[in-house]
Amino acid sequence: MPSHHTRLPLSRRGFLLASTGSAAALALATAPAHAGARRPFGRFGSPTDRLTPQTLYVDPRGRGDHTTVRDAVTAATGTGRTLVLAPGTYRETVAVDVTRTEATWIGASEDPRDVVIVYDNAAGTPKPGGGTYGTTGSATTTVQADGFTARWITFANDWLRADHPGITGTQAVAIKVQGDRSAFHHCRFLGHQDTLYADSIALTSFARQYFSHCYVEGDVDFVFGRATAVYEHCHFRTLNRTDLANAPYGFVFAPSTAGANPRGYLVTRSRITSEAPDGFYKLARPWVPSSDTTARPSLVVRDTWLGPGIDAAAPYTNMSDAFPWQNQRFAEYRDTGPGARITVPENRPQLTAQQAESATREACLGDWKPWQGEC
């Protein structure tokens, strides 16, 4: 599928292999040489020549207004604030609350591999004050505000099961997005279980989200939640696992769409690859949370290349037998690749041409058109 990047994306596993050990995973000791030491903020100005009066500059080397993203977010009160992030690894957790609307974050080098926001909490990680973080609390980055836009940034969670054999809550979220009109262009989302949590602020809130030319990797339910989310020209990659002997290793999508919401996840003009053995991954399973047993997960995958890692004969499975996938809203249309072969038709619901006319980004996102303008 089309990509604006000429180099292959360096995966989270690639970072781990390049590091000196798991404790240093994703820690880039210095900014990449090609980022430009004299101009850490690229074409996006500087503290002495601001892009706009509402712009703040973040640089771990101290050449900006702040050295951490968290401090910059704290300072960026109100609406319409822009953060420009210089190349570097920002090891921290960050939260954008509902009051900080219409925010924009920009990776200054315009290469998402240069700007990494990463931490290593899991659902079962003990909290300092007692208890554990839970899935939501494990998120490295949480975005609750409406109108959030990010470009050229990596959001990661580098918690590893192998390093914590005593922890059973292995969900480790890279980013949880809950705001309406949240857009991500040329970003990467790296993790294992529950990498990208595309959700909403409340059960009755139908948050719209858009992911364009993004890279997402993981193993178990690594794209999940109840948002109305469009993934266009994205690359999803399933990871290998050494802790399991048999398939399935995991599931790419686990939507939890509210029953009253007519739109869930739409994957279009994208691709799914794998570093695991052929057929060891399911395309999706429905997530019906205990907090919303009326959910009817919705997923349409269309015009997308499915690699051999996807189990073509049985691409869907149940998360709970009480909510079989056949009763949910799963469908495909004009997919290609070895993982898209229809060998058991009843296991691969297909849209008709007429139905496909309403399975589009325009139908999902309404009057919001985040693909227009600079991406």
# chains A, B, ... in the order shown; residues from 1 in each chain; ligands from 1
call {"tool": "residues_around", "arguments": {"residues": "region 160-174 of chain A", "least_positions_apart": "3", "cutoff": "6 Å", "atoms": "only C-alpha atoms", "output": "JSON, numbers by chain"}}
result
{"A": [122, 123, 124, 135, 138, 139, 140, 155, 156, 157, 193, 194, 195]}
call {"tool": "select_by_dssp", "arguments": {"residues": "region 109-304 of chain A", "states": "strand (DSSP E or B)", "output": "PyMOL selection string"}}
result
chain A and resi 115-119+126+132+141-143+149-151+154-157+175-177+182-185+188-190+196-198+208-212+215-218+220-225+228-232+235-238+250-255+265-268+271-274+281-284+298-302
call {"tool": "atom_distance", "arguments": {"atom1": "CA of Phe330 (chain A)", "atom2": "CA of Arg285 (chain A)"}}
result
9.2 Å
call {"tool": "residues_around", "arguments": {"residues": "Ala313 (chain A)", "least_positions_apart": "3", "cutoff": "8 Å", "atoms": "only C-alpha atoms", "output": "list of chain:residue names"}}
result
A:Arg341, A:Ile342, A:Thr343, A:Val344, A:Asn347
call {"tool": "write_last_selection", "arguments": {"atoms": "C-alpha atoms", "output": "JSON list (two decimals), in the first residue's frame"}}
result
[["chain", "number", "residue", "atom", "x", "y", "z"],
["A", 341, "ARG", "CA", -8.84, -16.06, 0.51],
["A", 342, "ILE", "CA", -12.43, -17.15, 0.97],
["A", 343, "THR", "CA", -12.25, -20.89, 1.59],
["A", 344, "VAL", "CA", -15.13, -21.14, 4.06],
["A", 347, "ASN", "CA", -16.67, -17.54, 8.04]]
call {"tool": "atom_distance", "arguments": {"atom1": "CA of Arg271 (chain A)", "atom2": "CA of Arg237 (chain A)"}}
result
8.5 Å
call {"tool": "closest_residue", "arguments": {"among": "A:Arg361, A:Arg63, A:Arg181, A:His233", "to": "Arg39 (chain A)", "atoms": "only C-alpha atoms"}}
result
A:Arg63
call {"tool": "closest_residue", "arguments": {"among": "A:Glu232, A:Glu217, A:Asp97, A:Glu110", "to": "Glu362 (chain A)", "atoms": "only C-alpha atoms"}}
result
A:Glu232
call {"tool": "residues_around", "arguments": {"residues": "Trp371 (chain A)", "least_positions_apart": "4", "cutoff": "12 Å", "atoms": "only C-alpha atoms", "output": "PDB file with C-alpha atoms, in the first residue's frame"}}
result
ATOM      1  CA  THR A 149      -4.052  16.020  16.059  1.00  0.00           C
ATOM      2  CA  ARG A 181     -12.178  14.443  16.066  1.00  0.00           C
ATOM      3  CA  SER A 182      -8.835  12.870  16.995  1.00  0.00           C
ATOM      4  CA  ALA A 183      -6.482  12.537  14.013  1.00  0.00           C
ATOM      5  CA  PHE A 184      -3.109  10.824  13.667  1.00  0.00           C
ATOM      6  CA  HIS A 185      -1.021  11.221  10.522  1.00  0.00           C
ATOM      7  CA  HIS A 186       2.199   9.275   9.892  1.00  0.00           C
ATOM      8  CA  GLN A 209     -11.042   9.175  15.081  1.00  0.00           C
ATOM      9  CA  TYR A 210      -8.884   9.024  11.971  1.00  0.00           C
ATOM     10  CA  PHE A 211      -5.552   7.264  11.456  1.00  0.00           C
ATOM     11  CA  SER A 212      -3.747   7.933   8.181  1.00  0.00           C
ATOM     12  CA  HIS A 213      -0.484   6.358   6.986  1.00  0.00           C
ATOM     13  CA  VAL A 230     -11.148   5.028  10.293  1.00  0.00           C
ATOM     14  CA  TYR A 231      -7.759   3.484   9.498  1.00  0.00           C
ATOM     15  CA  GLU A 232      -6.658   4.510   6.016  1.00  0.00           C
ATOM     16  CA  HIS A 233      -3.377   3.581   4.328  1.00  0.00           C
ATOM     17  CA  ARG A 361     -14.571   7.426   5.595  1.00  0.00           C
ATOM     18  CA  GLU A 362     -17.096  10.111   4.658  1.00  0.00           C
ATOM     19  CA  LEU A 365     -16.806  10.763   9.976  1.00  0.00           C
ATOM     20  CA  ASP A 367     -18.810  16.665   8.337  1.00  0.00           C
ATOM     21  CA  CYS A 375      -1.033  15.642   6.599  1.00  0.00           C
TER      22      CYS A 375
END
call {"tool": "closest_residue", "arguments": {"among": "A:Ala229, A:Val288, A:Ala260, A:Ala276", "to": "Ala359 (chain A)", "atoms": "only C-alpha atoms"}}
result
A:Ala229
call {"tool": "decode", "arguments": {"residues": "region 201-278 of chain A", "atoms": "C-alpha atoms", "output": "PDB file, in the first residue's frame"}}
result
ATOM      1  CA  ILE A 201     -15.064   9.348  26.825  1.00  0.00           C
ATOM      2  CA  ALA A 202     -18.428   7.748  27.676  1.00  0.00           C
ATOM      3  CA  LEU A 203     -20.719   4.980  26.478  1.00  0.00           C
ATOM      4  CA  THR A 204     -23.093   7.497  24.915  1.00  0.00           C
ATOM      5  CA  SER A 205     -20.290   9.456  23.225  1.00  0.00           C
ATOM      6  CA  PHE A 206     -19.575   8.396  19.631  1.00  0.00           C
ATOM      7  CA  ALA A 207     -16.018   9.674  19.288  1.00  0.00           C
ATOM      8  CA  ARG A 208     -14.700   9.955  15.726  1.00  0.00           C
ATOM      9  CA  GLN A 209     -11.042   9.175  15.081  1.00  0.00           C
ATOM     10  CA  TYR A 210      -8.884   9.024  11.971  1.00  0.00           C
ATOM     11  CA  PHE A 211      -5.552   7.264  11.456  1.00  0.00           C
ATOM     12  CA  SER A 212      -3.747   7.933   8.181  1.00  0.00           C
ATOM     13  CA  HIS A 213      -0.484   6.358   6.986  1.00  0.00           C
ATOM     14  CA  CYS A 214       0.140   4.955  10.463  1.00  0.00           C
ATOM     15  CA  TYR A 215       1.993   1.851  11.614  1.00  0.00           C
ATOM     16  CA  VAL A 216       0.579  -0.310  14.425  1.00  0.00           C
ATOM     17  CA  GLU A 217       2.067  -3.481  15.863  1.00  0.00           C
ATOM     18  CA  GLY A 218       1.186  -5.927  18.611  1.00  0.00           C
ATOM     19  CA  ASP A 219      -0.226  -9.359  19.352  1.00  0.00           C
ATOM     20  CA  VAL A 220      -3.411  -9.566  21.477  1.00  0.00           C
ATOM     21  CA  ASP A 221      -6.345  -7.254  20.643  1.00  0.00           C
ATOM     22  CA  PHE A 222      -3.843  -4.588  19.755  1.00  0.00           C
ATOM     23  CA  VAL A 223      -6.384  -2.275  18.096  1.00  0.00           C
ATOM     24  CA  PHE A 224      -9.442  -2.107  20.344  1.00  0.00           C
ATOM     25  CA  GLY A 225     -12.191   0.068  21.823  1.00  0.00           C
ATOM     26  CA  ARG A 226     -15.574   1.617  21.020  1.00  0.00           C
ATOM     27  CA  ALA A 227     -14.627   4.653  18.912  1.00  0.00           C
ATOM     28  CA  THR A 228     -15.861   5.298  15.395  1.00  0.00           C
ATOM     29  CA  ALA A 229     -12.398   4.996  13.880  1.00  0.00           C
ATOM     30  CA  VAL A 230     -11.148   5.028  10.293  1.00  0.00           C
ATOM     31  CA  TYR A 231      -7.759   3.484   9.498  1.00  0.00           C
ATOM     32  CA  GLU A 232      -6.658   4.510   6.016  1.00  0.00           C
ATOM     33  CA  HIS A 233      -3.377   3.581   4.328  1.00  0.00           C
ATOM     34  CA  CYS A 234      -2.221   2.001   7.585  1.00  0.00           C
ATOM     35  CA  HIS A 235       0.146  -0.912   8.186  1.00  0.00           C
ATOM     36  CA  PHE A 236      -0.733  -3.398  10.922  1.00  0.00           C
ATOM     37  CA  ARG A 237       1.949  -5.912  11.892  1.00  0.00           C
ATOM     38  CA  THR A 238       1.469  -8.941  14.117  1.00  0.00           C
ATOM     39  CA  LEU A 239       4.421  -9.986  16.270  1.00  0.00           C
ATOM     40  CA  ASN A 240       5.946 -13.380  16.853  1.00  0.00           C
ATOM     41  CA  ARG A 241       5.601 -15.021  20.261  1.00  0.00           C
ATOM     42  CA  THR A 242       7.887 -17.471  22.044  1.00  0.00           C
ATOM     43  CA  ASP A 243       5.596 -17.975  25.033  1.00  0.00           C
ATOM     44  CA  LEU A 244       2.929 -19.869  23.053  1.00  0.00           C
ATOM     45  CA  ALA A 245       3.325 -23.162  21.217  1.00  0.00           C
ATOM     46  CA  ASN A 246       0.114 -23.119  19.217  1.00  0.00           C
ATOM     47  CA  ALA A 247      -2.165 -20.777  17.299  1.00  0.00           C
ATOM     48  CA  PRO A 248      -3.751 -18.386  17.694  1.00  0.00           C
ATOM     49  CA  TYR A 249      -1.067 -16.027  18.863  1.00  0.00           C
ATOM     50  CA  GLY A 250      -3.497 -13.144  18.940  1.00  0.00           C
ATOM     51  CA  PHE A 251      -6.036 -10.899  17.264  1.00  0.00           C
ATOM     52  CA  VAL A 252      -5.558  -7.675  15.337  1.00  0.00           C
ATOM     53  CA  PHE A 253      -8.870  -5.932  16.095  1.00  0.00           C
ATOM     54  CA  ALA A 254     -11.200  -6.110  19.089  1.00  0.00           C
ATOM     55  CA  PRO A 255     -13.878  -3.433  18.651  1.00  0.00           C
ATOM     56  CA  SER A 256     -16.416  -2.821  21.415  1.00  0.00           C
ATOM     57  CA  THR A 257     -18.818  -0.577  19.498  1.00  0.00           C
ATOM     58  CA  ALA A 258     -21.895   0.547  21.421  1.00  0.00           C
ATOM     59  CA  GLY A 259     -25.089  -1.038  20.154  1.00  0.00           C
ATOM     60  CA  ALA A 260     -26.605   2.384  19.463  1.00  0.00           C
ATOM     61  CA  ASN A 261     -23.622   3.465  17.367  1.00  0.00           C
ATOM     62  CA  PRO A 262     -24.099   2.682  13.657  1.00  0.00           C
ATOM     63  CA  ARG A 263     -20.371   2.974  12.942  1.00  0.00           C
ATOM     64  CA  GLY A 264     -17.419   1.201  14.483  1.00  0.00           C
ATOM     65  CA  TYR A 265     -14.004   0.487  12.953  1.00  0.00           C
ATOM     66  CA  LEU A 266     -13.357   0.924   9.233  1.00  0.00           C
ATOM     67  CA  VAL A 267     -10.062  -0.321   7.805  1.00  0.00           C
ATOM     68  CA  THR A 268      -9.531   0.761   4.223  1.00  0.00           C
ATOM     69  CA  ARG A 269      -6.682   0.643   1.712  1.00  0.00           C
ATOM     70  CA  SER A 270      -4.340  -0.774   4.315  1.00  0.00           C
ATOM     71  CA  ARG A 271      -2.221  -3.896   4.816  1.00  0.00           C
ATOM     72  CA  ILE A 272      -1.626  -6.498   7.498  1.00  0.00           C
ATOM     73  CA  THR A 273       1.712  -8.293   7.694  1.00  0.00           C
ATOM     74  CA  SER A 274       3.203 -10.674  10.241  1.00  0.00           C
ATOM     75  CA  GLU A 275       6.473 -11.922  11.639  1.00  0.00           C
ATOM     76  CA  ALA A 276       4.664 -14.979  13.064  1.00  0.00           C
ATOM     77  CA  PRO A 277       4.035 -18.286  11.274  1.00  0.00           C
ATOM     78  CA  ASP A 278       1.360 -18.374   8.599  1.00  0.00           C
TER      79      ASP A 278
END
